[in-house]
$ cat start_38.tsv   # TSV, C-alpha atoms
chain	number	residue	atom	x	y	z
A	1291	MET	CA	83.24	99.11	143.20
A	1292	PRO	CA	82.95	95.28	143.27
A	1293	ALA	CA	85.45	93.33	141.18
A	1294	ASN	CA	82.81	91.03	139.60
A	1295	LEU	CA	85.44	88.46	138.66
A	1296	THR	CA	84.51	86.15	135.79
A	1297	PRO	CA	84.50	82.32	135.94
A	1298	GLN	CA	87.36	82.36	133.42
A	1299	TYR	CA	89.45	84.52	135.76
A	1300	LEU	CA	88.68	82.36	138.79
A	1301	ASP	CA	89.62	79.23	136.82
A	1302	ALA	CA	92.94	80.82	135.83
A	1303	GLU	CA	93.53	81.82	139.45
A	1304	GLU	CA	93.06	78.19	140.56
A	1305	LYS	CA	95.60	77.10	137.95
A	1306	PHE	CA	98.04	79.71	139.26
A	1307	LYS	CA	97.64	78.47	142.84
A	1308	SER	CA	98.28	74.84	141.87
A	1309	ALA	CA	101.07	75.53	139.32
A	1310	LEU	CA	104.30	73.72	140.11
A	1311	THR	CA	106.69	75.48	137.74
A	1312	THR	CA	107.48	79.09	136.90
A	1313	ALA	CA	106.40	78.55	133.29
A	1314	ASP	CA	103.00	77.22	134.39
A	1315	LYS	CA	102.60	80.13	136.81
A	1316	ILE	CA	103.37	82.65	134.06
A	1317	GLN	CA	100.89	80.97	131.73
A	1318	ALA	CA	98.16	81.06	134.38
A	1319	LEU	CA	98.99	84.67	135.29
A	1320	GLU	CA	98.74	85.71	131.64
A	1321	GLU	CA	95.28	84.15	131.55
A	1322	MET	CA	94.33	86.04	134.74
A	1323	MET	CA	95.52	89.33	133.26
A	1324	ARG	CA	93.61	88.68	130.06
A	1325	THR	CA	90.31	87.73	131.71
A	1326	ILE	CA	90.17	90.15	134.66
A	1327	PRO	CA	87.41	92.76	134.17
A	1328	LYS	CA	88.95	96.13	133.28
A	1329	HIS	CA	87.34	98.79	135.49
A	1330	LYS	CA	88.13	100.99	138.49
A	1331	GLY	CA	87.24	98.27	140.98
A	1332	THR	CA	90.06	96.01	139.72
A	1333	GLU	CA	92.82	98.61	139.23
A	1334	LYS	CA	94.76	97.48	142.31
A	1335	MET	CA	94.36	93.82	141.34
A	1336	GLN	CA	95.61	94.55	137.83
A	1337	ALA	CA	98.65	96.35	139.25
A	1338	ASP	CA	99.35	93.41	141.56
A	1339	LEU	CA	99.11	90.95	138.65
A	1340	LYS	CA	101.60	93.03	136.64
A	1341	ARG	CA	103.98	93.12	139.61
A	1342	ARG	CA	103.80	89.35	140.07
A	1343	MET	CA	104.29	88.82	136.34
A	1344	SER	CA	107.42	90.98	136.41
A	1345	GLU	CA	108.82	88.99	139.35
A	1346	LEU	CA	108.09	85.64	137.69
A	1347	LYS	CA	109.69	86.68	134.41
A	1348	LYS	CA	112.82	87.76	136.28
A	1349	GLU	CA	112.83	84.40	138.05
A	1350	ALA	CA	112.41	82.58	134.72
A	1351	GLN	CA	115.28	84.55	133.21
A	1352	LYS	CA	117.56	83.54	136.09
A	1353	LYS	CA	116.64	79.89	135.61
A	1354	LYS	CA	117.46	80.08	131.90
A	1355	SER	CA	121.07	80.93	132.67
A	1356	ALA	CA	121.31	78.19	135.32
A	1357	PRO	CA	121.16	74.40	134.92
A	1358	SER	CA	117.61	73.08	134.62
A	1359	GLN	CA	115.89	72.88	138.01
A	1360	ARG	CA	112.82	71.04	136.77
A	1361	PRO	CA	112.19	67.92	138.89
A	1362	SER	CA	112.79	64.55	137.24
A	1363	TRP	CA	109.14	63.55	137.66
A	1364	TYR	CA	107.77	66.64	135.91
A	1365	VAL	CA	105.73	65.92	132.77
A	1366	GLU	CA	105.46	68.73	130.21
A	1367	ARG	CA	101.82	69.37	129.37
A	1368	GLU	CA	100.72	68.55	125.85
A	1369	GLY	CA	97.43	68.55	124.00
A	1370	ALA	CA	94.05	69.84	125.12
A	1371	GLY	CA	94.42	68.82	128.77
A	1372	GLN	CA	96.24	66.58	131.23
A	1373	VAL	CA	94.65	63.50	132.82
A	1374	ILE	CA	96.50	61.68	135.61
A	1375	VAL	CA	95.79	57.96	136.10
A	1376	CYS	CA	96.41	56.90	139.70
A	1377	GLY	CA	95.42	54.24	142.22
A	1378	PRO	CA	96.70	51.42	144.43
A	1379	PRO	CA	98.99	48.62	143.16
A	1380	ASN	CA	97.76	46.29	140.41
A	1381	ALA	CA	94.46	48.12	139.96
A	1382	GLY	CA	94.73	48.07	136.16
A	1383	LYS	CA	96.00	51.62	135.63
A	1384	SER	CA	98.49	50.75	132.92
A	1385	GLN	CA	95.95	48.63	131.04
A	1386	LEU	CA	93.55	51.58	131.12
A	1387	VAL	CA	96.22	53.85	129.62
A	1388	VAL	CA	96.94	51.30	126.89
A	1389	THR	CA	93.24	51.02	126.03
A	1390	LEU	CA	92.72	54.79	125.93
A	1391	THR	CA	95.86	55.66	123.97
A	1392	ASP	CA	96.73	52.52	121.95
A	1393	VAL	CA	100.31	53.05	123.12
A	1394	PRO	CA	102.03	49.86	124.38
A	1395	ALA	CA	103.03	50.00	128.04
A	1396	LEU	CA	104.48	47.67	130.62
A	1397	VAL	CA	101.42	45.75	131.83
A	1398	ALA	CA	101.78	42.82	134.23
A	1399	ASP	CA	99.81	40.89	136.84
A	1400	TYR	CA	102.26	41.89	139.57
A	1401	PRO	CA	102.38	45.27	141.36
A	1402	PHE	CA	104.78	48.21	140.94
A	1403	THR	CA	105.40	47.78	137.18
A	1404	THR	CA	105.12	51.57	136.75
A	1405	ARG	CA	108.06	53.27	138.50
A	1406	SER	CA	107.87	56.80	137.04
A	1407	PRO	CA	105.30	58.98	135.24
A	1408	GLN	CA	104.56	57.64	131.75
A	1409	PRO	CA	102.80	60.13	129.42
A	1410	ALA	CA	100.91	59.14	126.28
A	1411	MET	CA	98.41	60.88	124.02
A	1412	MET	CA	94.75	59.92	123.68
A	1413	ARG	CA	92.91	60.92	120.53
A	1414	PHE	CA	89.29	62.01	120.83
A	1415	GLU	CA	87.86	62.91	117.44
A	1416	ASP	CA	90.20	65.71	116.27
A	1417	VAL	CA	91.93	66.62	119.54
A	1418	GLN	CA	94.74	65.06	121.56
A	1419	ILE	CA	94.54	64.72	125.35
A	1420	GLN	CA	97.53	63.81	127.51
A	1421	ILE	CA	97.12	60.71	129.70
A	1422	VAL	CA	99.80	60.11	132.36
A	1423	ASP	CA	100.24	56.74	134.06
A	1424	THR	CA	101.80	57.07	137.52
A	1425	PRO	CA	103.36	54.75	140.12
A	1426	PRO	CA	100.88	53.14	142.52
A	1427	LEU	CA	99.69	54.92	145.64
A	1428	ALA	CA	101.21	52.51	148.16
A	1429	ARG	CA	102.80	52.94	151.58
A	1430	GLU	CA	105.90	51.04	150.47
A	1431	ILE	CA	106.93	53.41	147.67
A	1432	LEU	CA	104.84	56.59	147.97
A	1433	GLU	CA	106.66	59.75	146.88
A	1434	PRO	CA	105.43	63.27	147.83
A	1435	TRP	CA	105.41	64.36	144.18
A	1436	GLN	CA	102.73	61.79	143.29
A	1437	LEU	CA	100.04	63.78	145.08
A	1438	ALA	CA	101.46	67.04	143.72
A	1439	MET	CA	101.05	65.70	140.17
A	1440	ILE	CA	97.46	64.71	140.85
A	1441	LYS	CA	96.62	68.09	142.38
A	1442	GLN	CA	97.89	70.09	139.39
A	1443	ALA	CA	96.18	67.92	136.73
A	1444	ASP	CA	92.97	68.87	134.95
A	1445	VAL	CA	91.39	65.47	135.63
A	1446	ALA	CA	92.42	62.48	137.74
A	1447	LEU	CA	91.22	58.92	137.13
A	1448	LEU	CA	91.41	57.10	140.47
A	1449	VAL	CA	91.38	53.38	139.67
A	1450	PHE	CA	90.59	50.53	142.10
A	1451	ASP	CA	90.38	46.78	141.45
A	1452	VAL	CA	87.03	45.76	142.94
A	1453	ASN	CA	88.20	42.13	143.16
A	1454	ASP	CA	91.30	42.91	145.24
A	1455	PRO	CA	91.09	41.38	148.76
A	1456	GLU	CA	92.70	44.57	150.11
A	1457	LEU	CA	90.15	46.86	148.42
A	1458	LEU	CA	88.68	48.36	151.60
A	1459	ASP	CA	92.07	49.05	153.19
A	1460	GLN	CA	93.38	50.48	149.91
A	1461	THR	CA	90.36	52.75	149.61
A	1462	GLU	CA	90.72	54.12	153.16
A	1463	TYR	CA	94.45	54.70	152.62
A	1464	VAL	CA	93.96	56.60	149.36
A	1465	LEU	CA	91.07	58.62	150.79
A	1466	GLY	CA	93.39	59.66	153.62
A	1467	LEU	CA	96.06	60.78	151.16
A	1468	PHE	CA	93.58	62.82	149.16
A	1469	ALA	CA	92.12	64.40	152.30
A	1470	GLU	CA	95.61	65.47	153.46
A	1471	ARG	CA	96.16	67.29	150.15
A	1472	GLN	CA	92.59	68.64	150.09
A	1473	ILE	CA	91.73	66.82	146.86
A	1474	SER	CA	87.98	66.27	146.59
A	1475	LEU	CA	86.62	63.04	145.13
A	1476	ASP	CA	84.19	64.59	142.69
A	1477	ALA	CA	83.98	65.90	139.14
A	1478	GLU	CA	83.34	69.51	140.14
A	1479	SER	CA	86.54	70.46	141.98
A	1480	LYS	CA	90.11	71.01	140.75
A	1481	PRO	CA	91.29	68.50	139.73
A	1482	LYS	CA	88.11	66.79	138.65
A	1483	VAL	CA	88.28	63.23	139.99
A	1484	LEU	CA	86.52	60.16	138.62
A	1485	VAL	CA	86.66	57.03	140.81
A	1486	LEU	CA	86.63	53.85	138.72
A	1487	GLY	CA	85.73	50.40	140.02
A	1488	ASN	CA	87.88	48.46	137.56
A	1489	LYS	CA	87.41	44.77	136.66
A	1490	SER	CA	83.74	44.97	137.64
A	1491	ASP	CA	82.99	42.60	134.74
A	1492	ALA	CA	85.25	39.82	136.03
A	1493	GLY	CA	84.12	37.02	138.36
A	1494	SER	CA	82.13	38.45	141.24
A	1495	GLY	CA	83.17	41.97	140.23
A	1496	ALA	CA	79.62	43.29	139.81
A	1497	ASP	CA	78.63	42.18	143.33
A	1498	ASN	CA	81.90	43.45	144.81
A	1499	PHE	CA	81.39	46.81	143.16
A	1500	GLN	CA	77.88	47.11	144.57
A	1501	VAL	CA	79.02	46.37	148.13
A	1502	TRP	CA	82.00	48.73	147.81
A	1503	ALA	CA	79.85	51.55	146.44
A	1504	GLU	CA	77.35	51.16	149.29
A	1505	LEU	CA	80.07	51.09	151.97
A	1506	PHE	CA	81.55	54.37	150.76
A	1507	GLN	CA	78.25	55.99	149.85
A	1508	GLY	CA	78.40	59.69	150.63
A	1509	ARG	CA	82.18	59.85	150.30
A	1510	PHE	CA	82.41	59.27	146.55
A	1511	ARG	CA	80.36	57.86	143.68
A	1512	PRO	CA	82.35	55.19	141.81
A	1513	ILE	CA	81.78	54.17	138.20
A	1514	PRO	CA	81.78	50.45	137.25
A	1515	PHE	CA	84.43	49.98	134.61
A	1516	SER	CA	86.53	47.50	132.67
A	1517	ALA	CA	89.83	48.64	131.18
A	1518	LEU	CA	89.55	45.76	128.68
A	1519	ASP	CA	86.11	46.80	127.42
A	1520	GLN	CA	86.27	48.97	124.31
A	1521	ALA	CA	82.74	50.30	124.91
A	1522	ASP	CA	83.69	51.46	128.41
A	1523	SER	CA	86.85	53.09	127.05
A	1524	GLY	CA	84.90	54.87	124.31
A	1525	LYS	CA	82.50	56.33	126.88
A	1526	MET	CA	85.46	57.34	129.04
A	1527	LYS	CA	87.06	59.28	126.18
A	1528	SER	CA	83.85	61.26	125.70
A	1529	GLU	CA	83.57	61.90	129.44
A	1530	LEU	CA	87.16	63.14	129.70
A	1531	PHE	CA	86.57	65.57	126.85
A	1532	ARG	CA	83.44	66.85	128.62
A	1533	LEU	CA	85.22	67.24	131.96
A	1534	LEU	CA	88.01	69.33	130.41
A	1535	GLU	CA	85.42	72.01	129.57
A	1536	ILE	CA	87.03	73.00	126.31
A	1537	VAL	CA	85.72	74.06	122.92
A	1538	ARG	CA	87.13	73.46	119.46
A	1539	VAL	CA	87.17	76.51	117.21
A	1540	TYR	CA	88.02	76.33	113.51
A	1541	THR	CA	89.16	79.29	111.42
A	1542	LYS	CA	89.00	80.20	107.75
A	1543	THR	CA	90.57	82.94	105.65
A	1544	PRO	CA	88.15	85.63	104.40
A	1545	GLY	CA	87.01	84.88	100.86
A	1546	LYS	CA	88.18	81.26	100.96
A	1547	LYS	CA	86.49	77.96	101.75
A	1548	ALA	CA	87.05	76.26	105.07
A	1549	GLU	CA	89.67	73.51	104.94
A	1550	ASP	CA	88.56	69.91	105.28
A	1551	ASN	CA	89.94	68.13	108.35
A	1552	ALA	CA	91.38	71.39	109.69
A	1553	THR	CA	93.07	71.30	113.09
A	1554	PRO	CA	90.99	73.25	115.62
A	1555	PHE	CA	92.20	75.76	118.15
A	1556	VAL	CA	91.35	74.40	121.60
A	1557	LEU	CA	90.04	77.03	124.01
A	1558	ARG	CA	88.44	77.05	127.44
A	1559	LYS	CA	84.65	76.98	127.60
A	1560	GLY	CA	83.43	80.57	127.71
A	1561	ALA	CA	86.13	81.77	125.29
A	1562	THR	CA	85.28	84.68	123.01
A	1563	VAL	CA	86.11	85.69	119.44
A	1564	LEU	CA	88.95	87.78	120.89
A	1565	ASP	CA	90.37	84.72	122.69
A	1566	ALA	CA	90.31	82.79	119.41
A	1567	ALA	CA	92.09	85.61	117.59
A	1568	GLN	CA	94.73	85.68	120.34
A	1569	ALA	CA	95.24	81.93	119.92
A	1570	VAL	CA	95.82	82.36	116.19
A	1571	HIS	CA	98.23	85.29	116.53
A	1572	LYS	CA	98.58	88.19	118.97
A	1573	ASP	CA	98.60	90.71	116.09
A	1574	LEU	CA	95.19	89.46	114.97
A	1575	ALA	CA	93.82	90.11	118.44
A	1576	SER	CA	95.29	93.62	118.50
A	1577	ASN	CA	93.78	94.55	115.14
A	1578	LEU	CA	90.53	92.57	115.40
A	1579	LYS	CA	87.46	94.44	114.13
A	1580	PHE	CA	84.85	91.69	113.93
A	1581	ALA	CA	84.38	88.07	112.89
A	1582	ARG	CA	81.92	86.05	110.88
A	1583	LEU	CA	80.56	82.96	112.57
A	1584	TRP	CA	79.28	79.66	111.22
A	1585	ARG	CA	77.55	77.35	113.69
A	1586	GLU	CA	75.79	74.16	112.69
A	1587	GLY	CA	72.03	74.54	112.88
A	1588	SER	CA	72.02	78.28	113.60
A	1589	TYR	CA	74.52	80.83	112.24
A	1590	ASP	CA	75.69	81.05	108.63
A	1591	GLY	CA	78.34	83.76	108.36
A	1592	LEU	CA	76.79	85.99	111.02
A	1593	MET	CA	78.83	89.11	111.86
A	1594	VAL	CA	79.77	89.01	115.56
A	1595	GLU	CA	81.77	91.25	117.87
A	1596	ARG	CA	84.99	90.35	119.67
A	1597	THR	CA	83.13	89.63	122.93
A	1598	HIS	CA	80.85	87.01	121.35
A	1599	GLU	CA	81.13	83.69	123.22
A	1600	LEU	CA	82.09	80.68	121.13
A	1601	GLN	CA	80.81	77.11	121.29
A	1602	ASP	CA	82.34	73.76	120.45
A	1603	ARG	CA	82.87	73.28	116.69
A	1604	ASP	CA	82.27	76.93	115.77
A	1605	LEU	CA	83.90	78.15	112.54
A	1606	ILE	CA	85.02	81.78	112.46
A	1607	GLU	CA	86.45	84.14	109.88
A	1608	ILE	CA	88.53	86.89	111.50
A	1609	HIS	CA	88.50	90.41	110.03
A	1610	THR	CA	91.09	93.07	110.92

$ encode --input "start_38.tsv" --output "structure tokens"
Amino acid sequence: MPANLTPQYLDAEEKFKSALTTADKIQALEEMMRTIPKHKGTEKMQADLKRRMSELKKEAQKKKSAPSQRPSWYVEREGAGQVIVCGPPNAGKSQLVVTLTDVPALVADYPFTTRSPQPAMMRFEDVQIQIVDTPPLAREILEPWQLAMIKQADVALLVFDVNDPELLDQTEYVLGLFAERQISLDAESKPKVLVLGNKSDAGSGADNFQVWAELFQGRFRPIPFSALDQADSGKMKSELFRLLEIVRVYTKTPGKKAEDNATPFVLRKGATVLDAAQAVHKDLASNLKFARLWREGSYDGLMVERTHELQDRDLIEIHT
């Protein structure tokens, strides 16, 4: 019998393969176990997942009793997703992070001002997304973990200064690094990569961007951008939210009104009522009977089953 694995399972499997820590591996494996189709064709796979989970939990228990082994560069994930900002020296990465997050950072006109990963939180409407500034991708100071961080992120913003005299050499160098680690320069792979032609509004930036884009046509599709332009930054926030492929789900207690300005549960696109119940509390998921769903422009308290797929901004009322 074919396994007929779901997109949610395959996404979790990719996360497992790229996970750098035991905790991240366990989290991805839990998602795999939850989303794998339950039928005879997957019995061996389910058994293998349980075996791997047991081994990882034993490994995690050993690490708890030992001094922390987490590398100094590791950044704990927070919020609805992790976006890595990377690129060659003095491309404007730190300024981009400042503009997106409103968090002051060390920004200067000389290279190598960022020496270690610097996380900050970006607010988009009612969710928080983690943005991580990283040291430049440069031959002089490149560390192996820099590419590892990029590979395990949800999204990577690859920033170039289109007015830099070394732009072509920098581009070839970075493309080589990404090829070595099998990181595709597109918004469909994992991680999803956006290539930004920064400072395209300064001086001859527009012309430089056009020439650069034509020279590398077929290898990537850059976006003209200015880290100092609030309109560009606003569009970027919306695009990052879209690329994360997440949905916001709000909950209300039966018999009560929905709270104003409630904090949503953030779930992966394709999540079901059961997934939402699990996010609220595991006991709710175990005892879930049905839910009522409110969706702007369509449903108004419709009774739905646990397998019903949710959309962004859905409001549900869980019944046990």

$ atom_distance --input "start_38.tsv" --atom1 "atom CA of Phe1515 of chain A" --atom2 "atom CA of Asn1488 of chain A"
4.8 Å

$ closest_residue --input "start_38.tsv" --among "A:Tyr1540, A:Trp1435, A:Tyr1299, A:Phe1306" --to "Ser1362 of chain A" --atoms "all atoms listed in the file"
A:Trp1435

$ closest_residue --input "start_38.tsv" --among "A:Glu1433, A:Ala1469, A:Val1375, A:Thr1461" --to "Ala1446 of chain A" --atoms "all atoms listed in the file"
A:Val1375

$ residues_around --input "start_38.tsv" --residues "Ile1536 of chain A" --least-positions-apart "5" --cutoff "10 Å" --atoms "only C-alpha atoms" --output "number ranges by chain"
A: 1370-1371, 1531, 1556-1561, 1601-1602

$ atom_distance --input "start_38.tsv" --atom1 "atom CA of Gln1442 of chain A" --atom2 "atom CA of Asp1392 of chain A"
24.8 Å

$ atom_distance --input "start_38.tsv" --atom1 "atom CA of Gln1420 of chain A" --atom2 "atom CA of Leu1465 of chain A"
24.7 Å

$ residues_around --input "start_38.tsv" --residues "Val1594 of chain A" --least-positions-apart "6" --cutoff "9 Å" --atoms "all atoms listed in the file" --output "PyMOL selection string"
chain A and resi 1563+1580-1583

$ residues_near_point --input "start_38.tsv" --point "(86.9, 48.4, 126.4)" --cutoff "12 Å" --atoms "only C-alpha atoms" --output "JSON, numbers by chain"
{"A": [1385, 1386, 1387, 1388, 1389, 1390, 1391, 1392, 1488, 1489, 1491, 1515, 1516, 1517, 1518, 1519, 1520, 1521, 1522, 1523, 1524, 1525, 1526, 1527]}

$ write_last_selection --input "start_38.tsv" --atoms "C-alpha atoms" --output "PDB file, in the frame of the given file"
ATOM      1  CA  GLN A1385      95.950  48.630 131.040  1.00  0.00           C
ATOM      2  CA  LEU A1386      93.550  51.580 131.120  1.00  0.00           C
ATOM      3  CA  VAL A1387      96.220  53.850 129.620  1.00  0.00           C
ATOM      4  CA  VAL A1388      96.940  51.300 126.890  1.00  0.00           C
ATOM      5  CA  THR A1389      93.240  51.020 126.030  1.00  0.00           C
ATOM      6  CA  LEU A1390      92.720  54.790 125.930  1.00  0.00           C
ATOM      7  CA  THR A1391      95.860  55.660 123.970  1.00  0.00           C
ATOM      8  CA  ASP A1392      96.730  52.520 121.950  1.00  0.00           C
ATOM      9  CA  ASN A1488      87.880  48.460 137.560  1.00  0.00           C
ATOM     10  CA  LYS A1489      87.410  44.770 136.660  1.00  0.00           C
ATOM     11  CA  ASP A1491      82.990  42.600 134.740  1.00  0.00           C
ATOM     12  CA  PHE A1515      84.430  49.980 134.610  1.00  0.00           C
ATOM     13  CA  SER A1516      86.530  47.500 132.670  1.00  0.00           C
ATOM     14  CA  ALA A1517      89.830  48.640 131.180  1.00  0.00           C
ATOM     15  CA  LEU A1518      89.550  45.760 128.680  1.00  0.00           C
ATOM     16  CA  ASP A1519      86.110  46.800 127.420  1.00  0.00           C
ATOM     17  CA  GLN A1520      86.270  48.970 124.310  1.00  0.00           C
ATOM     18  CA  ALA A1521      82.740  50.300 124.910  1.00  0.00           C
ATOM     19  CA  ASP A1522      83.690  51.460 128.410  1.00  0.00           C
ATOM     20  CA  SER A1523      86.850  53.090 127.050  1.00  0.00           C
ATOM     21  CA  GLY A1524      84.900  54.870 124.310  1.00  0.00           C
ATOM     22  CA  LYS A1525      82.500  56.330 126.880  1.00  0.00           C
ATOM     23  CA  MET A1526      85.460  57.340 129.040  1.00  0.00           C
ATOM     24  CA  LYS A1527      87.060  59.280 126.180  1.00  0.00           C
TER      25      LYS A1527
END

$ closest_residue --input "start_38.tsv" --among "A:Thr1553, A:Asp1497, A:Asp1451, A:Lys1352" --to "Val1485 of chain A" --atoms "all atoms listed in the file"
A:Asp1451

$ residues_around --input "start_38.tsv" --residues "Gly1377 of chain A" --least-positions-apart "4" --cutoff "6 Å" --atoms "only C-alpha atoms" --output "MDAnalysis selection string"
chainID A and resid 1426:1427 1448:1449

$ residues_around --input "start_38.tsv" --residues "segment 1473-1481 of chain A" --least-positions-apart "4" --cutoff "12 Å" --atoms "all atoms listed in the file" --output "ChimeraX atom specification"
/A:1300-1309,1371-1374,1437-1448,1461,1464-1469,1485-1486,1506-1513,1529-1530,1532-1535

$ closest_residue --input "start_38.tsv" --among "A:Thr1597, A:Ser1576, A:Gln1351, A:Gln1472" --to "Ala1313 of chain A" --atoms "all atoms listed in the file"
A:Gln1351

$ residues_around --input "start_38.tsv" --residues "Gly1545 of chain A" --least-positions-apart "5" --cutoff "12 Å" --atoms "all atoms listed in the file" --output "PyMOL selection string"
chain A and resi 1582+1591+1607-1609

$ closest_residue --input "start_38.tsv" --among "A:Ser1490, A:Gln1436, A:Ser1588, A:Thr1562" --to "Val1452 of chain A" --atoms "only C-alpha atoms"
A:Ser1490

$ closest_residue --input "start_38.tsv" --among "A:Val1422, A:Val1483, A:Ile1431, A:Leu1600" --to "Trp1363 of chain A" --atoms "only C-alpha atoms"
A:Val1422
